[in-house]
Structure formats: structure tokens, C-alpha cells
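Source file: input_35.cif (mmCIF, C-alpha atoms)
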data_model
loop_
_atom_site.group_PDB
_atom_site.id
_atom_site.type_symbol
_atom_site.label_atom_id
_atom_site.label_comp_id
_atom_site.auth_asym_id
_atom_site.auth_seq_id
_atom_site.Cartn_x
_atom_site.Cartn_y
_atom_site.Cartn_z
ATOM 1 C CA MET A 1 105.025 56.563 32.145
ATOM 2 C CA PHE A 2 102.827 59.663 31.950
ATOM 3 C CA THR A 3 103.375 62.289 34.620
ATOM 4 C CA THR A 4 99.576 62.475 34.953
ATOM 5 C CA PRO A 5 98.388 58.857 34.535
ATOM 6 C CA TRP A 6 95.064 59.740 36.199
ATOM 7 C CA ASN A 7 93.929 61.862 33.246
ATOM 8 C CA THR A 8 92.191 59.043 31.407
ATOM 9 C CA VAL A 9 88.562 58.626 30.342
ATOM 10 C CA HIS A 10 86.243 56.621 32.583
ATOM 11 C CA LEU A 11 85.572 53.101 31.316
ATOM 12 C CA LYS A 12 81.965 51.897 31.265
ATOM 13 C CA GLN A 13 79.845 48.842 30.414
ATOM 14 C CA GLY A 14 81.077 47.237 27.217
ATOM 15 C CA ASP A 15 84.606 48.632 27.478
ATOM 16 C CA VAL A 16 87.422 46.082 27.514
ATOM 17 C CA LYS A 17 89.529 45.670 30.644
ATOM 18 C CA PRO A 18 93.060 47.029 30.086
ATOM 19 C CA GLU A 19 95.906 44.520 30.353
ATOM 20 C CA PHE A 20 98.739 45.231 32.787
ATOM 21 C CA ASN A 21 101.867 43.452 33.970
ATOM 22 C CA GLN A 22 101.374 42.173 37.548
ATOM 23 C CA GLU A 23 104.487 44.097 38.575
ATOM 24 C CA ILE A 24 102.644 47.368 37.872
ATOM 25 C CA ILE A 25 100.478 48.975 40.548
ATOM 26 C CA VAL A 26 97.031 49.510 39.072
ATOM 27 C CA VAL A 27 94.493 51.770 40.755
ATOM 28 C CA TYR A 28 90.838 51.711 39.746
ATOM 29 C CA ALA A 29 89.465 55.126 40.580
ATOM 30 C CA MET A 30 87.053 57.894 39.647
ATOM 31 C CA ARG A 31 88.551 61.326 39.037
ATOM 32 C CA PHE A 32 86.092 63.200 41.271
ATOM 33 C CA CYS A 33 85.853 60.651 44.109
ATOM 34 C CA PRO A 34 87.320 61.821 47.445
ATOM 35 C CA TYR A 35 87.893 58.244 48.594
ATOM 36 C CA ALA A 36 89.793 57.273 45.449
ATOM 37 C CA GLU A 37 91.788 60.473 45.886
ATOM 38 C CA ARG A 38 93.159 59.173 49.169
ATOM 39 C CA ALA A 39 94.897 56.309 47.386
ATOM 40 C CA MET A 40 96.019 58.577 44.562
ATOM 41 C CA LEU A 41 97.641 61.079 46.928
ATOM 42 C CA THR A 42 99.498 58.254 48.671
ATOM 43 C CA LEU A 43 100.858 56.985 45.371
ATOM 44 C CA ILE A 44 101.951 60.403 44.176
ATOM 45 C CA GLU A 45 103.499 61.496 47.469
ATOM 46 C CA LYS A 46 105.483 58.239 47.672
ATOM 47 C CA ASP A 47 106.603 58.711 44.072
ATOM 48 C CA LEU A 48 105.530 55.204 43.034
ATOM 49 C CA ASN A 49 105.092 54.085 39.438
ATOM 50 C CA PHE A 50 101.477 53.208 38.749
ATOM 51 C CA SER A 51 98.688 53.109 36.196
ATOM 52 C CA VAL A 52 95.133 54.350 36.641
ATOM 53 C CA VAL A 53 91.894 52.938 35.294
ATOM 54 C CA ASN A 54 89.071 55.401 35.850
ATOM 55 C CA ILE A 55 85.634 53.811 36.221
ATOM 56 C CA ASN A 56 82.269 55.276 35.251
ATOM 57 C CA LEU A 57 80.337 54.586 38.473
ATOM 58 C CA THR A 58 77.009 55.024 36.693
ATOM 59 C CA SER A 59 77.765 52.316 34.146
ATOM 60 C CA LYS A 60 80.303 49.959 35.712
ATOM 61 C CA PRO A 61 81.996 47.374 33.477
ATOM 62 C CA ALA A 62 81.188 43.746 34.325
ATOM 63 C CA TRP A 63 84.877 42.943 34.774
ATOM 64 C CA PHE A 64 85.182 45.690 37.388
ATOM 65 C CA LEU A 65 82.284 44.225 39.373
ATOM 66 C CA GLU A 66 84.029 40.849 39.239
ATOM 67 C CA LEU A 67 87.120 42.520 40.673
ATOM 68 C CA ASN A 68 85.111 44.301 43.389
ATOM 69 C CA PRO A 69 81.454 43.181 43.724
ATOM 70 C CA ALA A 70 80.746 46.220 45.913
ATOM 71 C CA GLY A 71 81.405 48.375 42.863
ATOM 72 C CA SER A 72 83.239 51.044 44.855
ATOM 73 C CA VAL A 73 86.552 52.789 44.293
ATOM 74 C CA PRO A 74 89.410 52.796 44.985
ATOM 75 C CA VAL A 75 90.593 49.302 44.168
ATOM 76 C CA VAL A 76 94.312 48.539 44.072
ATOM 77 C CA GLU A 77 95.671 45.571 42.136
ATOM 78 C CA TYR A 78 99.329 44.610 42.570
ATOM 79 C CA LYS A 79 101.230 41.329 42.238
ATOM 80 C CA GLY A 80 98.048 39.274 42.364
ATOM 81 C CA GLU A 81 96.613 41.096 45.392
ATOM 82 C CA VAL A 82 93.387 43.103 45.247
ATOM 83 C CA VAL A 83 92.750 45.658 47.991
ATOM 84 C CA THR A 84 89.536 47.675 48.365
ATOM 85 C CA GLY A 85 88.597 50.580 50.635
ATOM 86 C CA SER A 86 90.265 53.989 50.708
ATOM 87 C CA LEU A 87 92.177 53.607 53.978
ATOM 88 C CA GLU A 88 92.982 49.950 53.416
ATOM 89 C CA ALA A 89 94.294 50.648 49.922
ATOM 90 C CA SER A 90 96.350 53.611 51.143
ATOM 91 C CA LEU A 91 97.899 51.608 53.974
ATOM 92 C CA PHE A 92 98.712 48.842 51.505
ATOM 93 C CA LEU A 93 100.374 51.308 49.141
ATOM 94 C CA ASP A 94 102.259 52.888 52.023
ATOM 95 C CA GLN A 95 104.114 49.601 52.540
ATOM 96 C CA ILE A 96 105.413 49.494 48.959
ATOM 97 C CA ASP A 97 108.952 50.774 48.470
ATOM 98 C CA GLY A 98 109.125 54.337 47.255
ATOM 99 C CA GLU A 99 109.939 57.740 48.657
ATOM 100 C CA ASN A 100 109.511 57.061 52.389
ATOM 101 C CA GLN A 101 106.264 58.319 53.827
ATOM 102 C CA LYS A 102 105.481 58.179 57.526
ATOM 103 C CA PRO A 103 103.093 55.284 58.221
ATOM 104 C CA LEU A 104 100.380 55.203 60.842
ATOM 105 C CA ASP A 105 102.565 53.754 63.590
ATOM 106 C CA SER A 106 101.199 51.794 66.552
ATOM 107 C CA VAL A 107 101.380 54.795 68.916
ATOM 108 C CA GLN A 108 99.384 57.115 66.672
ATOM 109 C CA ASP A 109 97.205 54.543 64.977
ATOM 110 C CA GLU A 110 94.058 54.836 67.126
ATOM 111 C CA LYS A 111 94.056 58.633 67.172
ATOM 112 C CA ALA A 112 94.884 58.866 63.462
ATOM 113 C CA GLN A 113 92.083 56.505 62.511
ATOM 114 C CA LYS A 114 89.652 58.562 64.604
ATOM 115 C CA ILE A 115 90.694 61.712 62.719
ATOM 116 C CA ILE A 116 90.350 59.933 59.370
ATOM 117 C CA GLY A 117 87.000 58.484 60.423
ATOM 118 C CA LYS A 118 85.764 61.959 61.320
ATOM 119 C CA SER A 119 86.784 63.224 57.883
ATOM 120 C CA SER A 120 84.717 60.441 56.279
ATOM 121 C CA GLU A 121 81.798 61.452 58.498
ATOM 122 C CA ALA A 122 82.208 65.051 57.321
ATOM 123 C CA LEU A 123 82.290 63.913 53.680
ATOM 124 C CA ASP A 124 78.981 62.102 54.208
ATOM 125 C CA ILE A 125 77.486 65.330 55.577
ATOM 126 C CA LEU A 126 78.971 67.273 52.676
ATOM 127 C CA TYR A 127 77.295 64.919 50.211
ATOM 128 C CA LYS A 128 73.947 65.571 51.903
ATOM 129 C CA ILE A 129 74.519 69.323 51.617
ATOM 130 C CA ILE A 130 75.271 68.906 47.916
ATOM 131 C CA GLY A 131 71.984 67.059 47.519
ATOM 132 C CA PHE A 132 72.603 63.305 47.639
ATOM 133 C CA GLY A 133 69.272 61.887 48.814
ATOM 134 C CA GLU A 134 68.159 65.346 49.961
ATOM 135 C CA GLU A 135 66.116 66.790 47.098
ATOM 136 C CA ASN A 136 64.041 69.228 49.191
ATOM 137 C CA GLN A 137 66.787 70.450 51.513
ATOM 138 C CA THR A 138 66.218 73.903 53.012
ATOM 139 C CA PRO A 139 68.849 76.605 53.646
ATOM 140 C CA LYS A 140 68.268 76.087 57.371
ATOM 141 C CA GLU A 141 69.077 72.394 57.042
ATOM 142 C CA ARG A 142 72.216 73.186 55.054
ATOM 143 C CA LYS A 143 73.295 75.683 57.707
ATOM 144 C CA GLN A 144 72.913 73.058 60.442
ATOM 145 C CA ARG A 145 74.917 70.527 58.452
ATOM 146 C CA ILE A 146 77.646 73.088 57.892
ATOM 147 C CA GLN A 147 77.774 73.545 61.653
ATOM 148 C CA ASP A 148 78.148 69.778 62.054
ATOM 149 C CA ILE A 149 81.163 69.877 59.710
ATOM 150 C CA SER A 150 82.523 72.928 61.541
ATOM 151 C CA ASP A 151 82.423 70.943 64.784
ATOM 152 C CA ILE A 152 84.524 68.238 63.120
ATOM 153 C CA LEU A 153 87.012 70.836 61.880
ATOM 154 C CA ALA A 154 87.243 72.149 65.456
ATOM 155 C CA PHE A 155 88.159 68.615 66.544
ATOM 156 C CA PHE A 156 90.888 68.483 63.871
ATOM 157 C CA GLU A 157 92.167 71.847 65.055
ATOM 158 C CA TYR A 158 92.347 70.650 68.653
ATOM 159 C CA GLU A 159 94.306 67.545 67.654
ATOM 160 C CA LEU A 160 96.688 69.539 65.459
ATOM 161 C CA LEU A 161 97.370 72.076 68.224
ATOM 162 C CA LEU A 162 98.373 69.228 70.532
ATOM 163 C CA LYS A 163 101.468 68.921 68.351
ATOM 164 C CA GLU A 164 103.287 71.730 70.180
ATOM 165 C CA LYS A 165 106.645 71.079 68.487
ATOM 166 C CA ASP A 166 105.344 71.489 64.944
ATOM 167 C CA PRO A 167 101.623 71.820 64.131
ATOM 168 C CA THR A 168 102.346 72.367 60.427
ATOM 169 C CA PHE A 169 100.972 68.918 59.583
ATOM 170 C CA PHE A 170 99.590 65.991 61.523
ATOM 171 C CA GLY A 171 102.862 64.347 60.516
ATOM 172 C CA GLY A 172 104.916 67.227 61.965
ATOM 173 C CA GLU A 173 107.288 68.930 59.538
ATOM 174 C CA SER A 174 105.965 66.874 56.622
ATOM 175 C CA PRO A 175 102.562 65.312 55.892
ATOM 176 C CA ASN A 176 101.805 61.714 56.798
ATOM 177 C CA LEU A 177 98.882 59.493 55.840
ATOM 178 C CA THR A 178 96.535 61.317 58.214
ATOM 179 C CA ASP A 179 97.110 64.583 56.360
ATOM 180 C CA LEU A 180 96.601 62.930 52.982
ATOM 181 C CA MET A 181 93.479 61.025 54.049
ATOM 182 C CA ILE A 182 91.616 64.125 55.264
ATOM 183 C CA TRP A 183 92.680 66.468 52.437
ATOM 184 C CA PRO A 184 89.864 65.449 49.989
ATOM 185 C CA LEU A 185 87.313 66.911 52.424
ATOM 186 C CA PHE A 186 89.054 70.294 52.494
ATOM 187 C CA GLU A 187 89.462 70.289 48.730
ATOM 188 C CA ARG A 188 85.678 69.989 48.318
ATOM 189 C CA LEU A 189 84.420 72.427 50.958
ATOM 190 C CA PRO A 190 85.129 75.551 48.818
ATOM 191 C CA MET A 191 82.691 74.378 46.149
ATOM 192 C CA LEU A 192 79.689 74.894 48.468
ATOM 193 C CA PRO A 193 79.472 78.707 48.030
ATOM 194 C CA ILE A 194 79.638 78.092 44.268
ATOM 195 C CA LEU A 195 76.731 75.645 44.355
ATOM 196 C CA TYR A 196 74.654 77.890 46.659
ATOM 197 C CA PRO A 197 75.822 81.477 45.973
ATOM 198 C CA GLU A 198 72.850 83.022 47.787
ATOM 199 C CA GLU A 199 74.046 81.296 50.989
ATOM 200 C CA LYS A 200 77.779 81.752 50.467
ATOM 201 C CA GLU A 201 78.417 83.584 53.738
ATOM 202 C CA ASP A 202 76.974 80.659 55.701
ATOM 203 C CA LEU A 203 78.878 78.095 53.635
ATOM 204 C CA ARG A 204 82.391 79.516 53.924
ATOM 205 C CA ILE A 205 83.592 77.175 56.612
ATOM 206 C CA ILE A 206 87.384 76.758 56.524
ATOM 207 C CA SER A 207 88.032 80.436 57.345
ATOM 208 C CA ARG A 208 86.275 79.941 60.684
ATOM 209 C CA HIS A 209 89.191 77.799 61.832
ATOM 210 C CA ARG A 210 92.488 79.669 61.842
ATOM 211 C CA THR A 211 94.781 76.710 62.507
ATOM 212 C CA MET A 212 93.110 74.552 59.879
ATOM 213 C CA SER A 213 93.243 77.456 57.421
ATOM 214 C CA HIS A 214 97.030 77.496 57.873
ATOM 215 C CA TRP A 215 97.088 73.719 57.479
ATOM 216 C CA VAL A 216 95.166 74.017 54.192
ATOM 217 C CA GLU A 217 97.673 76.542 52.858
ATOM 218 C CA ASN A 218 100.544 74.244 53.850
ATOM 219 C CA MET A 219 98.860 71.283 52.155
ATOM 220 C CA LYS A 220 98.451 73.250 48.936
ATOM 221 C CA ASN A 221 102.252 73.303 48.669
ATOM 222 C CA ILE A 222 102.546 69.518 48.850
ATOM 223 C CA SER A 223 103.492 67.956 45.510
ATOM 224 C CA ALA A 224 100.702 65.349 45.518
ATOM 225 C CA VAL A 225 98.032 67.947 46.293
ATOM 226 C CA LYS A 226 99.339 70.361 43.655
ATOM 227 C CA ARG A 227 99.343 67.663 41.000
ATOM 228 C CA TYR A 228 96.052 65.894 41.702
ATOM 229 C CA SER A 229 93.661 68.438 43.212
ATOM 230 C CA LEU A 230 90.843 69.962 41.179
ATOM 231 C CA LYS A 231 89.595 73.528 41.297
ATOM 232 C CA PRO A 232 86.383 74.207 43.288
ATOM 233 C CA GLU A 233 84.661 75.357 40.079
ATOM 234 C CA THR A 234 85.487 72.045 38.372
ATOM 235 C CA LEU A 235 84.226 70.006 41.312
ATOM 236 C CA ALA A 236 81.050 72.079 41.536
ATOM 237 C CA LYS A 237 80.371 71.588 37.820
ATOM 238 C CA PHE A 238 80.524 67.809 38.216
ATOM 239 C CA TYR A 239 78.706 67.416 41.534
ATOM 240 C CA LYS A 240 75.859 69.755 40.574
ATOM 241 C CA VAL A 241 74.726 67.175 38.011
ATOM 242 C CA PHE A 242 76.022 64.013 39.697
ATOM 243 C CA ALA A 243 74.047 64.658 42.891
ATOM 244 C CA LYS A 244 70.759 65.127 41.025
ATOM 245 C CA ASP A 245 70.993 62.415 38.377
ATOM 246 C CA ARG A 246 74.049 60.200 37.979
ATOM 247 C CA LYS A 247 72.911 59.139 34.519
ATOM 248 C CA LEU A 248 73.428 62.689 33.281
ATOM 249 C CA ALA A 249 76.853 63.142 34.894
ATOM 250 C CA ASP A 250 79.702 63.889 32.500
ATOM 251 C CA TYR A 251 82.702 62.062 33.959
ATOM 252 C CA ASP A 252 85.084 63.110 31.202
ATOM 253 C CA PHE A 253 84.517 66.828 30.594
ATOM 254 C CA ILE A 254 87.847 67.815 32.137
ATOM 255 C CA PHE A 255 89.702 65.485 29.756
ATOM 256 C CA ARG A 256 88.068 67.137 26.752
ATOM 257 C CA GLU A 257 89.207 70.466 28.170
ATOM 258 C CA LEU A 258 92.708 69.047 28.645
ATOM 259 C CA SER A 259 92.814 67.966 24.999
ATOM 260 C CA THR A 260 93.394 71.615 24.072
ATOM 261 C CA ASN A 261 96.022 72.162 26.787
ATOM 262 C CA GLN A 262 99.520 72.197 25.269
ATOM 263 C CA LYS A 263 101.224 70.953 28.452
ATOM 264 C CA TYR A 264 98.886 67.950 28.614
ATOM 265 C CA LEU A 265 99.413 67.176 24.923
ATOM 266 C CA GLU A 266 103.164 67.188 25.422
ATOM 267 C CA ASP A 267 102.757 64.882 28.437
ATOM 268 C CA ILE A 268 100.887 62.175 26.552
ATOM 269 C CA LYS A 269 102.938 62.493 23.363
#

Structure translated into C-alpha cells:
Amino acid sequence: MFTTPWNTVHLKQGDVKPEFNQEIIVVYAMRFCPYAERAMLTLIEKDLNFSVVNINLTSKPAWFLELNPAGSVPVVEYKGEVVTGSLEASLFLDQIDGENQKPLDSVQDEKAQKIIGKSSEALDILYKIIGFGEENQTPKERKQRIQDISDILAFFEYELLLKEKDPTFFGGESPNLTDLMIWPLFERLPMLPILYPEEKEDLRIISRHRTMSHWVENMKNISAVKRYSLKPETLAKFYKVFAKDRKLADYDFIFRELSTNQKYLEDIK
């Protein structure tokens, strides 16, 4: 089992579906997708054994569309079950035996899902800032959308500060699913000043929120985040093209870069 099973090329139309034993957890993902990342972080943090099939979302294989007609990732396949949706897949994975991870228990469930829902709302706004469906966006419009995200971060901060005993994570001393589910948003926010350098002062958002800035630094020390997260420059390189024309997006450029990395070569040997 590779220590980085997610570093695989994205399969497209015409590619054959890989064969796996039903006892193996298989995750269909896309390396840059924040929603697929939620499932990936859950798997890694729980220290589960799994395989990854990355999907080219511009040219989806027919067999993938049979598996999930919606064509979205993540999709989890395990012991004959197929689970779609980022939160649904993560909750499903959280129930599989592995290194124990705090689940969304009945007391916290409603509040946690509100926090996670707000992070999805912020990701939608982020995509608009990047340029999805917003070709003629003005700096003023971007600034307003950044404020909308800032308001959501203020909500996160309020909820985290309610944890008087230990506001390190939403899970207390250690991260739980809530922390993992909202991390992909924070991983992507730093790419905005790279995409719009002339507006970088307006687009630096995390530093406005002291408590969440501390939370980000704490999350960066979590094993799953350290292993799976991508640098802002790498994310910006992908999204700059992906947002304008998906057909031109290069899903696999980081794997070509990895092919010259000695550590990666030793991993796959």
C-alpha cells in the first residue's frame, strides 16, 4: 500500500475501470476538489487502508457515470455499498474501524452540520471569486464576496470561542469531523492573492480573524492535513485555468512534477 495512494493520474473517457477487492475501500476523487478532500482527510486521519481512483471531471469515464450518474466526487465504494456526497461519504467512512475519530454525536450534530454547511456556502462564494460563471467580475464585486466569506469566518470564530475549555479545535484537544470538513475552504483561501495580486490586500482574509488564524496553524500540524494539502501556488495554477475553461485544465501536472521527486519515487517503488 502506497503511503500516498492519492497521487495517481486522473482517469478519463476510454480508460478502463480499475479492479479492486470488495474488502478494499475505494475512493473516487479529484486531486484539487475540496469536497473530495473531505473524504480523503477522514480516511487519512483514521489511518484506514484505501485506494484512490482520481477522475478527470472534464472527461468522465462511462463506468464512473454508471457508478454515480451525477458525475460528482467523492464517491466511496466498500463491500458492495456506494456512497456519494462529501459529508455522507465522510460519515460513512467515520464508522469504519480504524484509529478512533470523534463522530458527529447527537448533541453536536445540528450545530456541526450548520458549521459544515456554512463552509460549503463559503466555497461556493470562493468559486465565484475565482471566476466560475463570473467572467466579467469587478474588483468591487470580489471585495464584497470576500466580505461575505469573512462574515462566515466570524461565525466559525464565535462557535469555536464557545468551547471555553479548549478552543484549539472544534473537537476540543483533537480535531473531529467538523474540523476536517471545513479545512478545504481554509486551504484554498490563500490562493486568492496569488490569482489577483493587484488586490492582495483586500483578499487576505484569514488574518482578519485571530482565533481562526490560530485554528489554521493548529490544523497545519494535523497528520492528514500535512500529508494531503496542496500549496496555494499549486492550487492557483490549477484553478486559474480550470475556472476559465475546463477543457484546458491540466489535472495531472503535479504528478509529472512528482516523477522527479526522489521521495515519491521511493514511495511507489

Applied to this file, what does the PyMOL selection byres ((chain A and resi 53) around 9) return in terms of residues, put as an mmCIF file with C-alpha atoms, in the frame of the given file?
data_model
loop_
_atom_site.group_PDB
_atom_site.id
_atom_site.type_symbol
_atom_site.label_atom_id
_atom_site.label_comp_id
_atom_site.auth_asym_id
_atom_site.auth_seq_id
_atom_site.Cartn_x
_atom_site.Cartn_y
_atom_site.Cartn_z
ATOM 1 C CA PRO A 5 98.388 58.857 34.535
ATOM 2 C CA TRP A 6 95.064 59.740 36.199
ATOM 3 C CA THR A 8 92.191 59.043 31.407
ATOM 4 C CA VAL A 9 88.562 58.626 30.342
ATOM 5 C CA HIS A 10 86.243 56.621 32.583
ATOM 6 C CA LEU A 11 85.572 53.101 31.316
ATOM 7 C CA LYS A 17 89.529 45.670 30.644
ATOM 8 C CA PRO A 18 93.060 47.029 30.086
ATOM 9 C CA VAL A 26 97.031 49.510 39.072
ATOM 10 C CA VAL A 27 94.493 51.770 40.755
ATOM 11 C CA TYR A 28 90.838 51.711 39.746
ATOM 12 C CA ALA A 29 89.465 55.126 40.580
ATOM 13 C CA MET A 30 87.053 57.894 39.647
ATOM 14 C CA SER A 51 98.688 53.109 36.196
ATOM 15 C CA VAL A 52 95.133 54.350 36.641
ATOM 16 C CA ASN A 54 89.071 55.401 35.850
ATOM 17 C CA ILE A 55 85.634 53.811 36.221
#

Between A:Glu135, A:Met181, A:Lys200, A:Leu93, single out the one closest to Lys114 in chain A, counting all atoms listed in the file.
A:Met181

Nearby residues (all atoms listed in the file) at most 12 Å from Glu198 in chain A, same-chain spacing under 6 positions excluded, as a list in words
Pro139, Leu192 and Arg204 of chain A

Can you write just those residues out, C-alpha atoms, as an mmCIF file, in the coordinates of the input?
data_model
loop_
_atom_site.group_PDB
_atom_site.id
_atom_site.type_symbol
_atom_site.label_atom_id
_atom_site.label_comp_id
_atom_site.auth_asym_id
_atom_site.auth_seq_id
_atom_site.Cartn_x
_atom_site.Cartn_y
_atom_site.Cartn_z
ATOM 1 C CA PRO A 139 68.849 76.605 53.646
ATOM 2 C CA LEU A 192 79.689 74.894 48.468
ATOM 3 C CA ARG A 204 82.391 79.516 53.924
#

Enclosing box along x, y and z for every listed atom of range 48-53 of chain A, padded 6 Å each side, centre and size in Å, one decimal, as AutoDock Vina command-line options:
--center_x 98.7 --center_y 54.1 --center_z 39.2 --size_x 25.6 --size_y 14.3 --size_z 19.7

I'd like the residues picked by the PyMOL selection byres ((chain A and resi 127) around 12) written out as a PyMOL selection string, using the chain letters and numbers from the file.
chain A and resi 33-34+120-126+128-135+137+142+145-146+149+185+188-189+191-192+236+239-240+242-244

Between CA of Arg38 in chain A and CA of Pro184 in chain A, measure the distance and give it in Å to one decimal.
7.1 Å

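Taken over the whole file, the PyMOL selection byres ((chain A and resi 233) around 10) covers exactly Arg188, Pro190, Met191, Leu192, Ile194, Leu195, Leu230, Lys231, Pro232, Thr234, Leu235, Ala236, Lys237 and Phe238 of chain A.
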
Take the selection from the previous step and output its residues with C-alpha atoms, as a PDB file, in the coordinates of the input.
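Written output follows (part24.pdb):
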ATOM      1  CA  ARG A 188      85.678  69.989  48.318  1.00  0.00           C
ATOM      2  CA  PRO A 190      85.129  75.551  48.818  1.00  0.00           C
ATOM      3  CA  MET A 191      82.691  74.378  46.149  1.00  0.00           C
ATOM      4  CA  LEU A 192      79.689  74.894  48.468  1.00  0.00           C
ATOM      5  CA  ILE A 194      79.638  78.092  44.268  1.00  0.00           C
ATOM      6  CA  LEU A 195      76.731  75.645  44.355  1.00  0.00           C
ATOM      7  CA  LEU A 230      90.843  69.962  41.179  1.00  0.00           C
ATOM      8  CA  LYS A 231      89.595  73.528  41.297  1.00  0.00           C
ATOM      9  CA  PRO A 232      86.383  74.207  43.288  1.00  0.00           C
ATOM     10  CA  THR A 234      85.487  72.045  38.372  1.00  0.00           C
ATOM     11  CA  LEU A 235      84.226  70.006  41.312  1.00  0.00           C
ATOM     12  CA  ALA A 236      81.050  72.079  41.536  1.00  0.00           C
ATOM     13  CA  LYS A 237      80.371  71.588  37.820  1.00  0.00           C
ATOM     14  CA  PHE A 238      80.524  67.809  38.216  1.00  0.00           C
TER      15      PHE A 238
END
